[in-house]
$ cat my_file_21.cif   # mmCIF, C-alpha atoms and all ligand atoms
data_start
#
loop_
_atom_site.label_atom_id
_atom_site.label_comp_id
_atom_site.auth_asym_id
_atom_site.auth_seq_id
_atom_site.Cartn_x
_atom_site.Cartn_y
_atom_site.Cartn_z
CA MET A 1 39.75 9.41 90.62
CA LYS A 2 36.02 9.68 91.35
CA LYS A 3 33.86 7.62 89.02
CA TRP A 4 31.69 9.52 86.54
CA LEU A 5 27.96 9.66 87.18
CA PRO A 6 26.50 6.59 85.41
CA ASN A 7 24.88 7.48 82.11
CA TRP A 8 21.40 6.36 83.04
CA ARG A 9 21.27 8.93 85.82
CA ILE A 10 22.08 11.76 83.46
CA VAL A 11 19.56 10.47 80.95
CA SER A 12 16.78 10.28 83.52
CA LEU A 13 17.68 13.70 84.91
CA PHE A 14 17.37 15.25 81.45
CA SER A 15 14.14 13.37 80.70
CA VAL A 16 12.53 14.65 83.88
CA MET A 17 13.71 18.18 83.11
CA ALA A 18 12.41 17.97 79.54
CA LEU A 19 9.05 16.71 80.79
CA PHE A 20 8.91 19.48 83.37
CA LEU A 21 9.82 22.21 80.89
CA ALA A 22 7.37 20.91 78.29
CA GLY A 23 4.62 22.05 80.65
CA CYS A 24 5.71 25.66 80.21
CA GLY A 25 4.97 25.90 76.52
CA LYS A 26 1.23 26.49 76.33
CA PRO A 27 0.50 29.46 74.05
CA PHE A 28 -2.19 30.86 76.39
CA LEU A 29 0.16 30.86 79.37
CA SER A 30 3.71 31.20 78.13
CA THR A 31 6.10 34.05 78.70
CA LEU A 32 8.12 32.61 75.83
CA GLN A 33 5.24 33.03 73.38
CA PRO A 34 4.57 36.74 73.86
CA VAL A 35 1.32 38.21 72.61
CA GLY A 36 2.14 41.92 72.70
CA GLU A 37 4.69 44.69 72.97
CA VAL A 38 5.18 44.44 76.74
CA ALA A 39 5.74 40.68 76.64
CA ASP A 40 8.11 41.17 73.67
CA MET A 41 10.28 43.61 75.61
CA GLN A 42 10.38 41.33 78.63
CA LYS A 43 11.15 38.27 76.56
CA SER A 44 14.03 40.05 74.83
CA LEU A 45 15.45 40.91 78.26
CA ILE A 46 15.10 37.29 79.37
CA LEU A 47 16.93 36.12 76.25
CA LEU A 48 19.64 38.77 76.47
CA SER A 49 20.40 38.11 80.13
CA SER A 50 20.31 34.33 79.61
CA ALA A 51 22.69 34.66 76.65
CA ILE A 52 25.13 36.73 78.72
CA MET A 53 24.94 34.27 81.61
CA ILE A 54 25.48 31.27 79.33
CA LEU A 55 28.42 33.02 77.66
CA VAL A 56 30.05 33.68 81.05
CA VAL A 57 29.46 30.12 82.28
CA VAL A 58 30.80 28.59 79.06
CA VAL A 59 33.91 30.77 78.86
CA VAL A 60 34.75 30.31 82.55
CA SER A 61 34.20 26.54 82.31
CA ILE A 62 36.44 26.24 79.25
CA ILE A 63 39.23 28.18 80.92
CA PHE A 64 38.78 26.15 84.10
CA VAL A 65 38.96 22.77 82.33
CA TYR A 66 41.90 23.93 80.20
CA VAL A 67 43.88 25.07 83.23
CA VAL A 68 43.10 21.94 85.27
CA VAL A 69 44.16 19.64 82.44
CA LYS A 70 47.15 21.59 81.19
CA PHE A 71 48.74 22.44 84.51
CA ARG A 72 47.93 19.30 86.47
CA GLN A 73 50.72 17.38 88.14
CA ARG A 74 51.42 14.31 86.04
CA LYS A 75 52.78 11.04 87.37
CA GLY A 76 56.53 11.26 87.71
CA ASP A 77 56.50 15.09 87.72
CA LYS A 78 58.63 16.68 90.32
CA GLU A 79 56.75 18.43 93.10
CA ILE A 80 57.29 21.97 92.06
CA ILE A 81 55.31 25.13 92.77
CA PRO A 82 54.83 27.00 89.48
CA LYS A 83 55.64 30.65 89.13
CA GLN A 84 53.14 32.68 91.22
CA VAL A 85 51.42 35.56 89.42
CA GLU A 86 50.16 38.31 91.70
CA GLY A 87 49.16 41.89 90.97
CA SER A 88 49.20 41.44 87.19
CA HIS A 89 47.74 44.68 85.81
CA LYS A 90 46.92 43.07 82.50
CA LEU A 91 44.84 40.29 84.11
CA GLU A 92 43.13 42.54 86.63
CA ILE A 93 42.10 45.07 84.01
CA THR A 94 40.79 42.26 81.81
CA TRP A 95 38.58 40.70 84.45
CA THR A 96 37.28 44.07 85.60
CA VAL A 97 36.55 45.55 82.18
CA ILE A 98 34.78 42.49 80.75
CA PRO A 99 32.11 42.32 83.49
CA ILE A 100 31.60 46.09 83.25
CA LEU A 101 31.00 45.77 79.52
CA LEU A 102 28.60 42.86 80.04
CA LEU A 103 26.69 44.83 82.68
CA LEU A 104 26.45 47.82 80.37
CA ILE A 105 25.10 45.66 77.56
CA LEU A 106 22.48 44.38 80.01
CA ALA A 107 21.78 47.71 81.71
CA VAL A 108 21.02 49.89 78.71
CA PRO A 109 18.00 47.97 77.37
CA THR A 110 16.85 47.08 80.92
CA VAL A 111 16.69 50.70 82.05
CA SER A 112 15.13 51.85 78.81
CA TYR A 113 12.43 49.13 78.92
CA THR A 114 11.79 49.72 82.62
CA PHE A 115 10.94 53.38 81.98
CA ASN A 116 8.88 52.45 78.96
CA LEU A 117 6.91 49.80 80.85
CA ALA A 118 6.29 52.17 83.77
CA ASP A 119 4.98 54.94 81.53
CA VAL A 120 1.35 55.37 82.46
CA SER A 121 1.26 59.14 81.80
CA GLU A 122 -1.64 58.51 79.41
CA MET A 123 -3.81 57.69 82.45
CA ASP A 124 -3.27 61.16 83.93
CA LYS A 125 -4.19 63.13 80.83
CA GLU A 126 -7.51 64.96 81.09
CA GLU A 127 -8.70 64.07 77.62
CA SER A 128 -7.45 60.62 76.87
CA ASP A 129 -9.16 57.78 75.10
CA ALA A 130 -6.85 55.24 76.69
CA LEU A 131 -8.77 52.27 78.04
CA VAL A 132 -8.46 51.97 81.80
CA VAL A 133 -9.43 48.89 83.81
CA ASN A 134 -9.60 48.97 87.59
CA VAL A 135 -8.61 45.56 88.89
CA THR A 136 -9.45 44.57 92.44
CA ALA A 137 -8.21 41.25 93.77
CA HIS A 138 -10.48 39.67 96.37
CA LEU A 139 -10.28 36.48 98.36
CA TYR A 140 -9.94 34.23 95.48
CA TRP A 141 -11.62 36.14 92.67
CA TRP A 142 -10.94 39.10 90.41
CA GLU A 143 -13.08 42.15 89.82
CA PHE A 144 -12.70 44.21 86.64
CA GLU A 145 -14.23 47.65 86.41
CA TYR A 146 -14.29 49.80 83.28
CA PRO A 147 -14.79 53.19 84.95
CA GLU A 148 -15.40 55.25 81.82
CA TYR A 149 -18.26 52.95 80.80
CA GLY A 150 -19.76 52.19 84.20
CA VAL A 151 -19.32 48.46 83.66
CA VAL A 152 -18.19 45.97 86.28
CA THR A 153 -17.49 42.33 85.65
CA SER A 154 -15.44 39.58 87.23
CA GLN A 155 -13.27 36.58 86.43
CA ASP A 156 -13.29 37.08 82.64
CA LEU A 157 -11.39 40.20 81.57
CA TYR A 158 -12.43 41.58 78.17
CA VAL A 159 -9.81 43.60 76.31
CA PRO A 160 -9.55 45.08 72.82
CA THR A 161 -6.51 44.20 70.69
CA ASP A 162 -3.93 46.57 69.19
CA GLU A 163 -4.15 49.27 71.84
CA ASN A 164 -2.61 49.85 75.23
CA VAL A 165 -4.80 48.79 78.12
CA TYR A 166 -3.97 50.61 81.36
CA PHE A 167 -4.57 48.97 84.71
CA ASN A 168 -5.15 50.33 88.21
CA LEU A 169 -4.38 47.44 90.53
CA GLU A 170 -5.48 47.03 94.13
CA ALA A 171 -6.67 44.40 96.58
CA SER A 172 -9.47 44.32 99.13
CA GLN A 173 -8.32 42.07 101.98
CA VAL A 174 -4.79 40.79 101.45
CA LYS A 175 -2.04 41.21 98.88
CA HIS A 176 -2.32 39.33 95.57
CA SER A 177 -0.49 39.69 92.27
CA PHE A 178 -1.98 40.17 88.81
CA TRP A 179 -0.28 38.12 86.12
CA ILE A 180 -1.09 37.34 82.50
CA PRO A 181 2.06 35.42 81.52
CA SER A 182 1.60 35.73 77.74
CA ALA A 183 1.06 39.48 77.94
CA GLY A 184 3.61 40.59 80.51
CA GLY A 185 5.14 40.17 83.93
CA LYS A 186 3.14 40.29 87.13
CA MET A 187 2.38 43.30 89.28
CA ASP A 188 1.25 43.20 92.91
CA THR A 189 -2.21 44.27 93.97
CA ASN A 190 -1.89 45.85 97.40
CA THR A 191 -4.43 46.90 99.98
CA ASP A 192 -2.89 50.28 100.73
CA ASN A 193 -1.91 51.72 97.38
CA VAL A 194 -2.80 51.52 93.71
CA ASN A 195 -0.19 50.11 91.33
CA ARG A 196 -0.45 50.99 87.67
CA PHE A 197 0.86 49.44 84.49
CA TRP A 198 -0.13 48.70 80.93
CA LEU A 199 -0.30 45.70 78.62
CA ASN A 200 -1.29 45.16 75.04
CA PHE A 201 -2.44 42.37 72.81
CA ASP A 202 -1.42 42.10 69.17
CA SER A 203 -4.32 41.09 66.91
CA GLU A 204 -1.99 39.07 64.67
CA ARG A 205 -0.91 36.91 67.58
CA VAL A 206 -3.99 36.48 69.78
CA GLY A 207 -5.00 33.64 67.47
CA GLN A 208 -2.22 31.50 68.96
CA ALA A 209 -4.45 30.97 71.98
CA GLU A 210 -7.80 31.38 70.25
CA ASN A 211 -8.30 34.79 71.88
CA LEU A 212 -8.36 33.31 75.35
CA PHE A 213 -5.44 33.79 77.70
CA HIS A 214 -4.96 32.61 81.25
CA GLY A 215 -4.32 34.91 84.17
CA LYS A 216 -2.98 33.93 87.56
CA CYS A 217 -2.59 35.19 91.08
CA ALA A 218 1.15 35.23 91.59
CA GLU A 219 1.40 36.01 95.28
CA LEU A 220 0.67 33.50 98.03
CA CYS A 221 -2.59 34.78 99.48
CA GLY A 222 -4.26 31.89 101.30
CA PRO A 223 -5.52 28.31 100.96
CA SER A 224 -7.01 28.91 97.50
CA HIS A 225 -4.12 30.93 96.06
CA ALA A 226 -3.41 28.31 93.42
CA LEU A 227 -7.07 28.30 92.40
CA MET A 228 -7.30 32.06 91.93
CA ASP A 229 -7.30 32.05 88.14
CA PHE A 230 -8.94 34.38 85.67
CA LYS A 231 -9.28 34.48 81.90
CA VAL A 232 -8.55 37.19 79.36
CA LYS A 233 -10.73 37.44 76.25
CA THR A 234 -9.18 39.45 73.45
CA MET A 235 -11.19 40.93 70.60
CA PRO A 236 -11.15 43.69 67.98
CA ARG A 237 -12.19 47.15 69.23
CA GLU A 238 -15.65 46.97 67.54
CA ASP A 239 -16.46 43.72 69.32
CA PHE A 240 -15.25 45.16 72.59
CA ASP A 241 -17.47 48.24 72.15
CA GLN A 242 -20.36 45.94 71.38
CA TRP A 243 -19.70 43.94 74.53
CA ILE A 244 -19.61 47.12 76.62
CA GLU A 245 -22.91 48.22 75.08
CA ASN A 246 -24.46 44.83 75.82
CA MET A 247 -23.25 44.99 79.40
CA GLN A 248 -24.63 48.50 79.84
CA GLY A 249 -28.00 47.81 78.32
CA LYS A 250 -28.68 44.47 79.87
CA GLU A 251 -32.20 44.11 81.15
CA HIS A 252 -32.32 40.45 81.89
CA ALA A 253 -35.59 38.59 81.69
CA ALA A 254 -35.76 34.98 82.82
CA ASP A 255 -37.21 33.07 79.89
CA THR A 256 -38.32 29.82 81.48
CA ASP A 257 -40.40 29.12 84.58
CA LEU A 258 -37.46 27.42 86.20
CA ALA A 259 -35.17 30.37 85.50
CA GLN A 260 -37.83 32.68 86.88
CA ALA A 261 -37.98 30.63 90.07
CA GLY A 262 -34.18 30.87 90.17
CA GLU A 263 -34.34 34.63 89.78
CA GLU A 264 -36.68 34.85 92.76
CA ILE A 265 -34.34 32.83 94.94
CA PHE A 266 -31.43 34.92 93.72
CA ASN A 267 -33.25 38.14 94.57
CA GLN A 268 -34.05 36.87 98.04
CA SER A 269 -30.65 35.66 99.12
CA CYS A 270 -27.76 35.93 96.65
CA ILE A 271 -28.42 39.61 95.92
CA THR A 272 -27.11 40.59 99.35
CA CYS A 273 -23.59 40.07 98.03
CA HIS A 274 -23.84 39.53 94.28
CA ALA A 275 -25.14 41.88 91.64
CA VAL A 276 -26.69 41.40 88.23
CA GLY A 277 -27.19 44.18 85.70
CA ALA A 278 -25.37 47.35 84.87
CA ASP A 279 -27.05 49.56 87.47
CA ALA A 280 -26.50 47.08 90.27
CA GLN A 281 -22.92 48.26 90.60
CA ALA A 282 -23.34 49.78 94.05
CA ASP A 283 -22.68 46.42 95.64
CA ALA A 284 -19.54 45.86 93.61
CA GLY A 285 -16.73 44.41 95.59
CA VAL A 286 -18.55 42.13 98.02
CA ALA A 287 -18.89 39.23 95.61
CA PRO A 288 -18.51 38.76 91.86
CA ASN A 289 -20.86 40.68 89.58
CA LEU A 290 -22.82 38.05 87.65
CA THR A 291 -24.30 40.10 84.80
CA ASN A 292 -22.69 37.87 82.17
CA PHE A 293 -22.25 34.72 84.23
CA GLY A 294 -23.57 32.51 81.41
CA ASP A 295 -20.76 33.71 79.11
CA ARG A 296 -17.99 32.82 81.53
CA THR A 297 -15.34 30.28 80.60
CA LYS A 298 -15.11 28.71 84.07
CA ILE A 299 -17.13 28.19 87.22
CA ALA A 300 -15.37 29.76 90.22
CA GLY A 301 -12.40 30.41 87.95
CA ILE A 302 -11.32 26.77 87.75
CA LEU A 303 -14.11 24.29 86.96
CA ASP A 304 -15.39 23.75 83.42
CA HIS A 305 -18.38 25.92 82.70
CA SER A 306 -21.20 23.41 82.97
CA PRO A 307 -24.50 23.22 84.88
CA ALA A 308 -23.17 20.19 86.78
CA ASN A 309 -20.15 22.11 88.03
CA LEU A 310 -22.27 25.10 88.98
CA GLU A 311 -24.43 22.75 91.02
CA LYS A 312 -21.34 21.34 92.69
CA TRP A 313 -20.15 24.85 93.53
CA LEU A 314 -23.52 25.98 94.91
CA LYS A 315 -23.85 22.90 97.08
CA ASN A 316 -20.40 22.99 98.56
CA PRO A 317 -18.21 25.94 97.63
CA GLU A 318 -15.71 25.03 100.34
CA GLU A 319 -14.84 21.79 98.59
CA VAL A 320 -14.10 23.61 95.34
CA LYS A 321 -12.25 26.61 96.74
CA PRO A 322 -11.19 26.31 100.38
CA ALA A 323 -11.58 29.43 102.56
CA ASN A 324 -13.59 31.33 99.95
CA LEU A 325 -16.05 33.87 101.37
CA MET A 326 -19.18 32.24 99.94
CA THR A 327 -18.91 29.25 102.25
CA ASN A 328 -21.59 29.37 104.96
CA THR A 329 -23.06 32.66 103.78
CA TYR A 330 -26.37 31.14 102.77
CA GLY A 331 -28.48 28.36 104.18
CA ASN A 332 -28.64 24.91 102.66
CA LEU A 333 -30.36 24.95 99.33
CA ASN A 334 -32.60 22.02 98.44
CA GLN A 335 -32.24 20.30 95.08
CA GLU A 336 -35.18 22.19 93.60
CA GLU A 337 -33.67 25.52 94.55
CA VAL A 338 -30.27 24.53 93.22
CA ASP A 339 -31.79 23.47 89.88
CA ALA A 340 -33.64 26.77 89.58
CA LEU A 341 -30.56 28.83 90.44
CA VAL A 342 -28.43 26.90 87.96
CA GLU A 343 -30.97 27.50 85.20
CA TYR A 344 -31.18 31.21 86.03
CA LEU A 345 -27.43 31.82 86.39
CA MET A 346 -26.56 29.94 83.21
CA SER A 347 -29.07 32.10 81.33
CA LEU A 348 -27.29 35.34 82.26
CA LYS A 349 -25.62 36.12 78.93
CA VAL A 350 -24.76 39.25 77.01
CA ASP A 351 -22.52 37.85 74.26
CA GLU A 352 -24.30 37.39 70.98
CA GLU A 353 -24.56 33.76 70.01
CU1 LIG B 401 -4.55 35.71 95.33
CU2 LIG B 401 -2.68 34.28 95.44
#
$ encode --input "my_file_21.cif" --output "structure tokens"
Amino acid sequence: MKKWLPNWRIVSLFSVMALFLAGCGKPFLSTLQPVGEVADMQKSLILLSSAIMILVVVVVSIIFVYVVVKFRQRKGDKEIIPKQVEGSHKLEITWTVIPILLLLILAVPTVSYTFNLADVSEMDKEESDALVVNVTAHLYWWEFEYPEYGVVTSQDLYVPTDENVYFNLEASQVKHSFWIPSAGGKMDTNTDNVNRFWLNFDSERVGQAENLFHGKCAELCGPSHALMDFKVKTMPREDFDQWIENMQGKEHAADTDLAQAGEEIFNQSCITCHAVGADAQADAGVAPNLTNFGDRTKIAGILDHSPANLEKWLKNPEEVKPANLMTNTYGNLNQEEVDALVEYLMSLKVDEE
């Protein structure tokens, strides 16, 4: 008989698996720690289907082991062929009916949730106060437009808690996929149609991630696919309304000489693609809107939000995010210009301190 796998191999296999799976448990990024109704429904489907699968595997394995042990040919047994059972109605009905029942148990909630999750009829109503966000995925950054308020932002998505947020999803150059693991499954952003879905965030649970969730691009889209992150900031409706008001009313004034110098440089070169301020929305879509750049949680979606990292990004965007569209779009900046731009950009804030 074949020797059993030595114990140490099994132990190391399980340790590696445990280590690997431990990485999946962060509350800001975990499907298994749902933050709202959509994620709850999807998690219950994951658990239900896993339970059914485990049940099938366990039952089949038990029967298999039992049969192998019980009916094996023992030493000294005569070589006999046991009685052959073919066309047993009882057995055939059993192994047809059981899977049908299991599939029904799985199908009923799946179909019901699928229709529920696809219900975006609220978006088509003439008079609806449902919050709609237009998401456009670009080559390695995310644009978020709040059409009813005339506000455009990027990289950090602001959403109110305890209400459904409806999304129109599309992409500008290539296909991406919009995914906030804690809030619900992903949906593709395509270049030739608009996909729609909704998510929500439960105020009692957003605290698990300190109101800051991670979003991901979940469709291979190019060299910087893995770096195409965004953040989701959740807040009560009053705070969200306040944020919208701040975004709309922002008349930014550079408050130091250095920031003023930065503003001048910005207005000479960066403004061709980027925009700052609520009425600079005409250029939306070419490059991220920077109205509230100073409030962001990350530089370029991935680096810690610090002046040093902004400097690094401005000096060599290619190194931070390969194949991004900012590379080579402006001439070399000297240190003085970089310092001024950093000071100016970091001062672009609308959140109250
Ligand atoms: Cu965008 Cu992957």
$ residues_around --input "my_file_21.cif" --residues "His305 of chain A" --least-positions-apart "2" --cutoff "12 Å" --atoms "only C-alpha atoms" --output "number ranges by chain"
A: 293-303, 307-313, 342, 345-346
$ closest_atom_pairs --input "my_file_21.cif" --of "chain A" --to "ligand LIG 401 (chain B)" --cutoff "10 Å" --atoms "only C-alpha atoms and all ligand atoms" --output "Markdown table"
| residue | atom | partner | partner_atom | distance |
| --- | --- | --- | --- | --- |
| A:Ala137 | CA | B:LIG401 | CU1 | 6.8 |
| A:His138 | CA | B:LIG401 | CU1 | 7.2 |
| A:Leu139 | CA | B:LIG401 | CU1 | 6.5 |
| A:Tyr140 | CA | B:LIG401 | CU1 | 5.6 |
| A:Trp141 | CA | B:LIG401 | CU1 | 7.6 |
| A:Trp142 | CA | B:LIG401 | CU1 | 8.7 |
| A:Ala171 | CA | B:LIG401 | CU1 | 9.0 |
| A:Gln173 | CA | B:LIG401 | CU1 | 9.9 |
| A:Val174 | CA | B:LIG401 | CU1 | 8.0 |
| A:Lys175 | CA | B:LIG401 | CU1 | 7.0 |
| A:His176 | CA | B:LIG401 | CU1 | 4.3 |
| A:Ser177 | CA | B:LIG401 | CU1 | 6.5 |
| A:Phe178 | CA | B:LIG401 | CU1 | 8.3 |
| A:Asp188 | CA | B:LIG401 | CU1 | 9.8 |
| A:Thr189 | CA | B:LIG401 | CU1 | 9.0 |
| A:Lys216 | CA | B:LIG401 | CU2 | 7.9 |
| A:Cys217 | CA | B:LIG401 | CU2 | 4.5 |
| A:Ala218 | CA | B:LIG401 | CU2 | 5.5 |
| A:Glu219 | CA | B:LIG401 | CU2 | 4.4 |
| A:Leu220 | CA | B:LIG401 | CU2 | 4.3 |
| A:Cys221 | CA | B:LIG401 | CU2 | 4.1 |
| A:Gly222 | CA | B:LIG401 | CU2 | 6.5 |
| A:Pro223 | CA | B:LIG401 | CU2 | 8.6 |
| A:Ser224 | CA | B:LIG401 | CU2 | 7.2 |
| A:His225 | CA | B:LIG401 | CU2 | 3.7 |
| A:Ala226 | CA | B:LIG401 | CU2 | 6.3 |
| A:Leu227 | CA | B:LIG401 | CU2 | 8.0 |
| A:Met228 | CA | B:LIG401 | CU1 | 5.7 |
| A:Asp229 | CA | B:LIG401 | CU1 | 8.5 |
$ atom_distance --input "my_file_21.cif" --atom1 "atom CA of Thr153 of chain A" --atom2 "atom CA of Asn134 of chain A"
10.5 Å
$ atom_distance --input "my_file_21.cif" --atom1 "atom CA of Asn292 of chain A" --atom2 "atom CA of Val350 of chain A"
5.7 Å
$ residues_around --input "my_file_21.cif" --residues "segment 257-264 of chain A" --least-positions-apart "2" --cutoff "7 Å" --atoms "all atoms listed in the file" --output "PyMOL selection string"
chain A and resi 254-255+266-268+337+340-341+343-344
$ closest_residue --input "my_file_21.cif" --among "A:Asn324, A:Thr256, A:Thr31, A:Thr329" --to "Cys273 of chain A" --atoms "all atoms listed in the file"
A:Thr329
$ residues_around --input "my_file_21.cif" --residues "Tyr146 of chain A" --least-positions-apart "3" --cutoff "7 Å" --atoms "all atoms listed in the file" --output "PyMOL selection string"
chain A and resi 132-134+149-152
$ atom_distance --input "my_file_21.cif" --atom1 "atom CA of Gln73 of chain A" --atom2 "atom CA of Val85 of chain A"
18.2 Å
$ closest_residue --input "my_file_21.cif" --among "A:His214, A:Arg205, A:Lys75, A:His274" --to "Met235 of chain A" --atoms "all atoms listed in the file"
A:Arg205
$ residues_near_point --input "my_file_21.cif" --point "(-4.8, 43.0, 66.5)" --cutoff "9 Å" --atoms "all atoms listed in the file" --output "PyMOL selection string"
chain A and resi 160-163+201-206+234-237
$ write_last_selection --input "my_file_21.cif" --atoms "C-alpha atoms" --output "PDB file, in the coordinates of the input"
ATOM      1  CA  PRO A 160      -9.550  45.080  72.820  1.00  0.00           C
ATOM      2  CA  THR A 161      -6.510  44.200  70.690  1.00  0.00           C
ATOM      3  CA  ASP A 162      -3.930  46.570  69.190  1.00  0.00           C
ATOM      4  CA  GLU A 163      -4.150  49.270  71.840  1.00  0.00           C
ATOM      5  CA  PHE A 201      -2.440  42.370  72.810  1.00  0.00           C
ATOM      6  CA  ASP A 202      -1.420  42.100  69.170  1.00  0.00           C
ATOM      7  CA  SER A 203      -4.320  41.090  66.910  1.00  0.00           C
ATOM      8  CA  GLU A 204      -1.990  39.070  64.670  1.00  0.00           C
ATOM      9  CA  ARG A 205      -0.910  36.910  67.580  1.00  0.00           C
ATOM     10  CA  VAL A 206      -3.990  36.480  69.780  1.00  0.00           C
ATOM     11  CA  THR A 234      -9.180  39.450  73.450  1.00  0.00           C
ATOM     12  CA  MET A 235     -11.190  40.930  70.600  1.00  0.00           C
ATOM     13  CA  PRO A 236     -11.150  43.690  67.980  1.00  0.00           C
ATOM     14  CA  ARG A 237     -12.190  47.150  69.230  1.00  0.00           C
TER      15      ARG A 237
END
$ closest_residue --input "my_file_21.cif" --among "A:Val38, A:Ser269, A:Gln84, A:Met247" --to "Tyr166 of chain A" --atoms "all atoms listed in the file"
A:Val38
$ decode --input "my_file_21.cif" --residues "segment 155-168 of chain A" --atoms "N, CA and C atoms" --output "tab-separated table (two decimals), in the first residue's frame"
chain	number	residue	atom	x	y	z
A	155	GLN	N	-10.92	59.36	-7.34
A	155	GLN	CA	-10.15	58.50	-6.42
A	155	GLN	C	-10.80	58.25	-5.06
A	156	ASP	N	-11.33	59.27	-4.40
A	156	ASP	CA	-12.03	59.06	-3.14
A	156	ASP	C	-13.53	59.24	-3.39
A	157	LEU	N	-14.27	58.16	-3.21
A	157	LEU	CA	-15.72	58.20	-3.41
A	157	LEU	C	-16.39	58.51	-2.08
A	158	TYR	N	-17.22	59.56	-2.06
A	158	TYR	CA	-17.93	59.92	-0.83
A	158	TYR	C	-19.36	59.39	-0.93
A	159	VAL	N	-19.80	58.65	0.07
A	159	VAL	CA	-21.18	58.15	0.05
A	159	VAL	C	-21.84	58.30	1.42
A	160	PRO	N	-23.14	58.61	1.40
A	160	PRO	CA	-23.88	58.67	2.67
A	160	PRO	C	-24.26	57.26	3.11
A	161	THR	N	-24.42	57.07	4.43
A	161	THR	CA	-24.81	55.75	4.94
A	161	THR	C	-26.33	55.62	4.98
A	162	ASP	N	-26.78	54.39	5.16
A	162	ASP	CA	-28.20	54.08	5.35
A	162	ASP	C	-29.12	54.49	4.21
A	163	GLU	N	-28.61	54.54	3.00
A	163	GLU	CA	-29.50	54.73	1.86
A	163	GLU	C	-28.86	54.05	0.65
A	164	ASN	N	-29.71	53.71	-0.32
A	164	ASN	CA	-29.16	53.06	-1.50
A	164	ASN	C	-28.42	54.07	-2.36
A	165	VAL	N	-27.25	53.70	-2.80
A	165	VAL	CA	-26.49	54.55	-3.71
A	165	VAL	C	-26.49	53.83	-5.06
A	166	TYR	N	-26.97	54.53	-6.09
A	166	TYR	CA	-27.08	53.91	-7.42
A	166	TYR	C	-25.91	54.34	-8.28
A	167	PHE	N	-25.38	53.40	-9.04
A	167	PHE	CA	-24.19	53.68	-9.84
A	167	PHE	C	-24.46	53.48	-11.33
A	168	ASN	N	-24.01	54.44	-12.14
A	168	ASN	CA	-23.88	54.24	-13.59
A	168	ASN	C	-22.41	53.98	-13.83
